[in-house]
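Heads up, the thing below is written out as structure tokens.
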Amino acid sequence: MAVTAKPLSGPAAGLSERDDPGEHLMLDPRPRGEMNSLVMESMHATSWRFWAVTALLVLVVAVCLVAAWGYLIANGLGVSGANRPSYWEMFLVNTVFWIGIAHAGTFVSALLRVLKVEFRRPFTRAAELMTAFALINVGLSVFMHLGRVWLFYWLIPYPNERGLWPNFHSPLAWDFLAISTYLVASTMYLILPLIPDVAMARDRSTGWRKLLYRILAVGFRGTESEWVHLKTAMNIFAFTVLPIMFTVSTIVSWDFAMASNRPGWSSSIFGPYFVVGAVHSGIGAVVMVLYVIRKTMKSMNYFIRIEHFDALGKLMLVMSILWAYFFFNDYMVPWYGGDAFAKALQKFIESGPLSWILFTVVLCNAVIPWLTLWNKKIRRFPGALFVIGLLINVGMWFERYMIIPLSLTINRMPFTWRIYVPKVEIPLTVGTIALFILLYMVASRLIPLVPVWEVQEGQMMHSLRKVGKAMATSTTEIE
Amino acid sequence: MPTNSEQPQAKWGMVIDQDLCTGCQACVTACAMENNISFVGEEDAGYGRSMQWMRIERFWTGSYPEVTTGFQPMLCQQCGEAPCEPVCPVYASVHSESEQINVQVYNRCVGTRYCANNCPYQVREFNWRDYPRPEPLNNQLNPDVTVRRRGVMEKCTFCVQRIRRGEDQAAAEGREVLDGEVLPACAQACPANAITFGQLDDPQSRVSQMARSERGYKQLEDLGTLPRVTYLKGGSSHGGNG
Amino acid sequence: MAETITLLALFEDLEPAAEGIERLHTLGLADEQINVISGIPVMERILGRPKQHSKIPLLALAGAVGGAGLGLFFAYGTPLLFPVYVGGQGLLPVPPAIIVVTELALLGLLVFTFLGVFFESYLPAYGPLDYVPGISDGKIAVLFSCPAGERKKFVEALTASGAESVKPAEAQKL
């Protein structure tokens with residue numbers, strides 16, 4: 001900590017190379033001023049590639065999101081692929097998918113903080129940004145599926161001259177409350193630990209940046225009382241955001257489970273199944289984002305190291321196993337149960353014309369992680385983890401596709417069975433992905449991506465001590 | 001006030017005799033004319049976007065040469081415990097306490113389509129587009145019924161405009177509504193008299209008596225939706241098909 | 001009454017800062033007259049400071065109660081104001097109320113916690129404040145007020161314990 005940092009790893013600490021691969025961020029402290037410079041550098045450095053990609057994304061967002069959505073609003077949902085019986089289409093798939101991505105941030109930032117898992121320290125903010133931007137996409141996707149989107153505000157509970165309130169029997173009303181709560185909570189949870197870092201940026205900036213950071217830092221200095229209030233609040237947030245994460249995913253799953261006469265949707269396991277699925281895709285997305293940050297942003301390879309990919313890879317494997325457990329539960333009971341329509345639905349999913357979707361889901365979510373993530377070499381190769389994370393997200397997107405439009409195809413009125421073919425949903429999906437990446441790229445140059453104060457705090461807590469003939473890492477609790 | 005434990009008292013109800021139905025679709029046509037239903041065109045209809053409030057489902061049974069057809073007119077069952085009602089976030093699908101039917105409030109609908117997903121009979125229609133009515137087709141519009149725009153859900157209302165007119169007429173004349181006085185368009189048009197309509201809370205009305213027939217059954221009864229439509233099907237021994 | 005002056009002593013590391021604070025105590029300063037500004041949250045025990053308490057958990061509780069109340073109004077108040085019967089369900093069902101109340105209680109809890117941070121720390125503060133930019137680079141600042149006449153004594157004591165500089169605190173626009 002501070003200026004007189006004594007390196008705890010590497011040859012300077014008196015360790016041979018065999019003892020210490022020199023890979024632990026927490027054991028490799030640098031002076032705070034130097035770490036601050038690294039972070040400020042990575043914010044300021046923009047190559048021509050950055051601007052080229054940004055320009056391309058702006059174009060994609062303009063065409064695939066803004067123009068396509070305008071077309072949808074002007075012409076009605078007929079330009080989408082929804083029909084009877086698939087009244088809910090890819091927009092709902094995207095909604096659930098983006099909620100899953102949002103869970104990435106909450107999982108990493110809140111759960112790992114509560115469990116005092118130290119390797120989370122450098123990337124909590126990167127993950128929290130994912131949550132914030134993913135939730136924006138959730139809102140957009142929900143709006144896209146509305147028939148009369150210009151009247152969306154009727155879902156907001158407010159006193160009005162019509163004397164009408166939303167229907168709180170409806171899972172969609174709970175959805176509105178839950179997603180709003182999650183969005184507000186995640187934004188606040190992003191802002192709180194950001195304040196000290198913005199104060200640091202304020203101290204090191206000039207021009208328009210200094211003005212921006214001065215405003216955002218709200219005069220934070222680091223006095224004892226400011227820290228105690230901030231830390232108390234962050235503790236409360238970490239513990240409270242977790243039940244919010246669980247309730248949001250559960251409530252979204254109840255959009256489907258409450259349609260209890262639909263075969264395939266009448267499943268009491270949907271709550272935990274969706275929570276686990278969301279975290280599963282979320283961790284895959286965190287790995288993808290961290291890979292891109294490490295590869296493309298200057299100086300980020302000090303903060304984001306192989307050890308982080310290794311640890312996240314293990315988490316991915318655990319979540320994959322959990323997901324497979326819930327998936328099998330959801331599959332096994334109707335398979336055994338004998339309801340003719342549930343059986344017809346399973347037959348359609350397994351051997352109908354779209355059975356490749358089920359194959360993709362199982363392959364990407366279970367088979368590939370199980371075949372690869374147990375291997376330390378693969379886990380420590382960030383490129384491989386990027387690919388696996390990408391495949392997991394593809395698999396989870398198709399899993400939601402399987403649950404929503406595909407399951408809607410088979411219902412209790414065989415005369416209405418018909419396959420759903422997406423139309424305008426495809427460019428709109430691409431548009432939301434482009435928006436997410438664009439927002440992230442802009443944010444990465446405007447706010448410090450690594451919570452340096454938390455990294456330094458962690459480094460201060462770690463030390464090496466001699467146990468017998470070996471050097472062991474020890475962590476103190478200085479809370 | 002009804003709760004889960006009490007059976008809502010039915011009022012308006014319908015009986016459809018499948019043994020008499022010939023699948024002629026006169027009811028479908030009459031319903032479309034009476035209720036200003038849009039013409040969606042061949043492509044949209046083929047893709048599952050037809051907006052027939054009453055549809056005739058045709059089923060083939062057996063194999064050549066012993067093939068028989070069965071016709072099943074399917075319309076909104078006006079469930080007593082309608083699954084489409086609790087799920088609408090803006091109260092656009094609500095229960096009419098006085099008529100004991102499910103009413104769709106067009107002005108309130110924002111088009112989330114949850115009600116349609118939750119309907120086990122799949123009888124709710126969505127306005128996917130604004131379907132044009134070029135001159136002079138607009139002259140055929142029924143002034144008693146709203147014209148719906150895109151983004152709004154609609155479904156069979158038991159011709160609630162005719163029910164209202166009948167009740168207003170009876171109230172003006174200071175009497176009760178007579179049995180058979182109110183006829184929805186489908187019942188009026190059916191050449192085989194397969195559709196009977198009336199008040200189920202009057203045990204002597206024709207519809208109540210027919211609903212008690214031994215041939216009577218309700219669609220998807222095990223779901224507990226308490227539908228107001230009773231189907232009569234006895235098969236070949238009762239003059240029907242198969 | 002002697003004039004008091006506010007001094008800011010800048011330290012490079014934790015140990016000199018702790019040493020310096022102890023010397024301030026021996027020179028007669030009470031805990032309330034000393035303030036520590038640092039770039040990371042330093043546990044009070046490390047510097048020999050009294051434990052700080054925050055009223056934020058109470059605010060969080062108040063927020064939770066308020067949120068729960070709002071949730072109760074939505075779940076039970078609105079159907080009583082405008083009764084609509086749907087799906088054969090009762091007018092005032094319990095399970096949806098549980099969901100609405102839980103969600104809004106959590107929201108209230110967090111909103112009040114968040115606002116509590118700003119409220120309790122008197123932020124945002126855009127006026128001039130005692131600060132040195134080196135603090136966010138890892139230095140520890142000890143801010144204290146002493147009688148103007150004894151300034152030299154304090155400066156000597158702190159410099160002896162390892163302070164980088166001891167200067168009058170300049171309130172500057174951050």
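Chains: A, B, ... in order of the structure tokens. Residues: from 1 per chain. Ligands: from 1, in order shown.
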task: For region 57-66 of chain C, list every protein, DNA or RNA residue within 12 Å, evaluated using only C-alpha atoms, and leave out those in the same chain fewer than 5 positions away; present the list as JSON, numbers by chain.
output: {"A": [228, 229, 230, 231, 232, 233, 234, 235, 236, 237, 240], "C": [71, 72, 73, 101, 102, 103, 104, 105, 106, 107, 108, 109, 110, 111, 112, 113, 114, 115, 116, 117, 119, 120]}
With the cut-off set at 6 Å and counting only C-alpha atoms, tabulate each residue of chain C with an atom at most that distance from an atom of chain A, showing the nearest atom pair and its distance in Å to one decimal, ordered by chain and increasing number, as CSV.
```
residue,atom,partner,partner_atom,distance
C:Asp13,CA,A:Ala2,CA,5.7
C:Val36,CA,A:Thr223,CA,5.8
C:Ile37,CA,A:Thr223,CA,4.2
C:Ser38,CA,A:Gly222,CA,5.2
C:Gly39,CA,A:Gly222,CA,5.9
C:Ile40,CA,A:Trp453,CA,5.5
C:Pro41,CA,A:Trp227,CA,5.7
C:Ser54,CA,A:His229,CA,5.8
C:Pro96,CA,A:His169,CA,5.9
C:Leu107,CA,A:Thr181,CA,5.5
C:Thr113,CA,A:Ala233,CA,5.9
C:Val117,CA,A:His229,CA,5.5
C:Ser121,CA,A:Glu226,CA,5.4
C:Pro124,CA,A:Val218,CA,4.3
C:Ala125,CA,A:Gly219,CA,4.8
C:Tyr126,CA,A:Gly219,CA,5.6
C:Pro133,CA,A:Asp203,CA,5.5
C:Ser136,CA,A:Met200,CA,5.2
C:Asp137,CA,A:Gly33,CA,4.4
C:Gly138,CA,A:Ala2,CA,4.6
```
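The two atoms in question, CA of Phe386 (chain A) and CA of Glu425 (chain A), are spaced 26.1 Å apart.
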Which of region 32-169 of chain B fall in strand (DSSP E), as an MDAnalysis selection string: chainID B and resid 55:61 68:74 93:95 102:104 125:126 153:154
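Any residue of chain C with an atom within 10 Å of chain B counts; using only C-alpha atoms, that gives C:Val84, C:Tyr85, C:Val86, C:Gly87, C:Gly88, C:Gln89, C:Gly90, C:Leu91, C:Leu92, C:Pro93.
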- prompt: Near chain B, which residues of chain A fall within 8 Å when you count only C-alpha atoms, and what do they look like as an MDAnalysis selection string?
  reply: chainID A and resid 75:78 83:88 145:149 151:152 154:155 165:173 259:262 408 411:413 415:416 418
Output file for the selection above: C-alpha atoms, as a PDB file, in the first residue's frame:
```
ATOM      1  CA  ASN A  75     -46.600  -1.110 -38.922  1.00  0.00           C
ATOM      2  CA  GLY A  76     -47.535  -3.165 -35.903  1.00  0.00           C
ATOM      3  CA  LEU A  77     -46.409  -6.573 -34.780  1.00  0.00           C
ATOM      4  CA  GLY A  78     -47.426  -8.089 -38.089  1.00  0.00           C
ATOM      5  CA  ASN A  83     -48.728 -15.677 -34.658  1.00  0.00           C
ATOM      6  CA  ARG A  84     -51.203 -18.009 -33.038  1.00  0.00           C
ATOM      7  CA  PRO A  85     -50.025 -19.921 -31.009  1.00  0.00           C
ATOM      8  CA  SER A  86     -46.596 -18.294 -30.591  1.00  0.00           C
ATOM      9  CA  TYR A  87     -47.908 -15.011 -29.295  1.00  0.00           C
ATOM     10  CA  TRP A  88     -44.615 -14.410 -27.553  1.00  0.00           C
ATOM     11  CA  HIS A 145     -43.103  -6.782 -27.780  1.00  0.00           C
ATOM     12  CA  LEU A 146     -45.887  -4.451 -26.714  1.00  0.00           C
ATOM     13  CA  GLY A 147     -48.725  -4.056 -29.188  1.00  0.00           C
ATOM     14  CA  ARG A 148     -49.312  -0.437 -28.255  1.00  0.00           C
ATOM     15  CA  VAL A 149     -45.940   0.568 -26.899  1.00  0.00           C
ATOM     16  CA  LEU A 151     -49.150   3.323 -23.824  1.00  0.00           C
ATOM     17  CA  PHE A 152     -46.465   1.500 -21.855  1.00  0.00           C
ATOM     18  CA  TRP A 154     -50.145   2.250 -18.050  1.00  0.00           C
ATOM     19  CA  LEU A 155     -48.003  -0.430 -16.445  1.00  0.00           C
ATOM     20  CA  TRP A 165     -54.170   0.887 -11.375  1.00  0.00           C
ATOM     21  CA  PRO A 166     -52.154  -1.996 -12.804  1.00  0.00           C
ATOM     22  CA  ASN A 167     -53.374  -5.483 -12.086  1.00  0.00           C
ATOM     23  CA  PHE A 168     -51.149  -6.859  -9.345  1.00  0.00           C
ATOM     24  CA  HIS A 169     -52.466 -10.361  -9.927  1.00  0.00           C
ATOM     25  CA  SER A 170     -50.476 -10.336 -13.140  1.00  0.00           C
ATOM     26  CA  PRO A 171     -46.892 -11.590 -13.356  1.00  0.00           C
ATOM     27  CA  LEU A 172     -46.238  -8.793 -15.822  1.00  0.00           C
ATOM     28  CA  ALA A 173     -47.053  -6.214 -13.155  1.00  0.00           C
ATOM     29  CA  ALA A 259     -49.687 -20.045 -17.714  1.00  0.00           C
ATOM     30  CA  SER A 260     -50.237 -23.318 -15.990  1.00  0.00           C
ATOM     31  CA  ASN A 261     -52.415 -24.840 -18.678  1.00  0.00           C
ATOM     32  CA  ARG A 262     -49.632 -24.602 -21.266  1.00  0.00           C
ATOM     33  CA  LEU A 408     -45.771 -22.319 -27.469  1.00  0.00           C
ATOM     34  CA  ASN A 411     -50.759 -26.487 -26.892  1.00  0.00           C
ATOM     35  CA  ARG A 412     -54.062 -28.112 -26.032  1.00  0.00           C
ATOM     36  CA  MET A 413     -55.759 -27.185 -29.296  1.00  0.00           C
ATOM     37  CA  PHE A 415     -55.826 -27.277 -34.734  1.00  0.00           C
ATOM     38  CA  THR A 416     -53.711 -24.209 -33.876  1.00  0.00           C
ATOM     39  CA  ARG A 418     -47.957 -23.786 -36.149  1.00  0.00           C
TER      40      ARG A 418
END
```
message: as an MDAnalysis selection string, please: the residues near Val94 (chain C) (cut-off 9 Å, only C-alpha atoms, same-chain neighbours under 4 positions excluded).
response: chainID C and resid 75 98:99
Output C-alpha atoms for every residue in the selection just made, as a CSV table (one decimal), in the first residue's frame.
```
chain,number,residue,atom,x,y,z
C,75,ALA,CA,-51.5,-4.9,-3.5
C,98,ILE,CA,-46.1,-11.1,-0.8
C,99,ILE,CA,-44.3,-10.6,-4.1
```
task: Excluding Cys27 (chain B) and residues on its chain fewer than 3 positions from it, collect all residues at most 6 Å away from it, counting only C-alpha atoms, and give them as JSON, numbers by chain.
output: {"B": [30, 31, 186, 189, 190]}
I need the chosen residues saved as a short mmCIF file (atom, residue, chain, number, x, y, z; two decimals), in the first residue's frame, with C-alpha atoms.
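Writing done, so here's part-v1.cif:
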```
data_model
loop_
_atom_site.label_atom_id
_atom_site.label_comp_id
_atom_site.auth_asym_id
_atom_site.auth_seq_id
_atom_site.Cartn_x
_atom_site.Cartn_y
_atom_site.Cartn_z
CA ALA B 30 -72.03 -13.81 -39.70
CA CYS B 31 -69.77 -13.15 -36.73
CA CYS B 186 -73.62 -17.08 -35.10
CA ALA B 189 -77.05 -17.55 -38.99
CA CYS B 190 -76.63 -21.27 -38.39
#
```
- request: Within chain C, find each residue whose DSSP state, derived from the backbone, is alpha helix (DSSP H), and express the selection as an MDAnalysis selection string.
  value: chainID C and resid 14:26 44:47 56:72 78:81 94:120 151:160
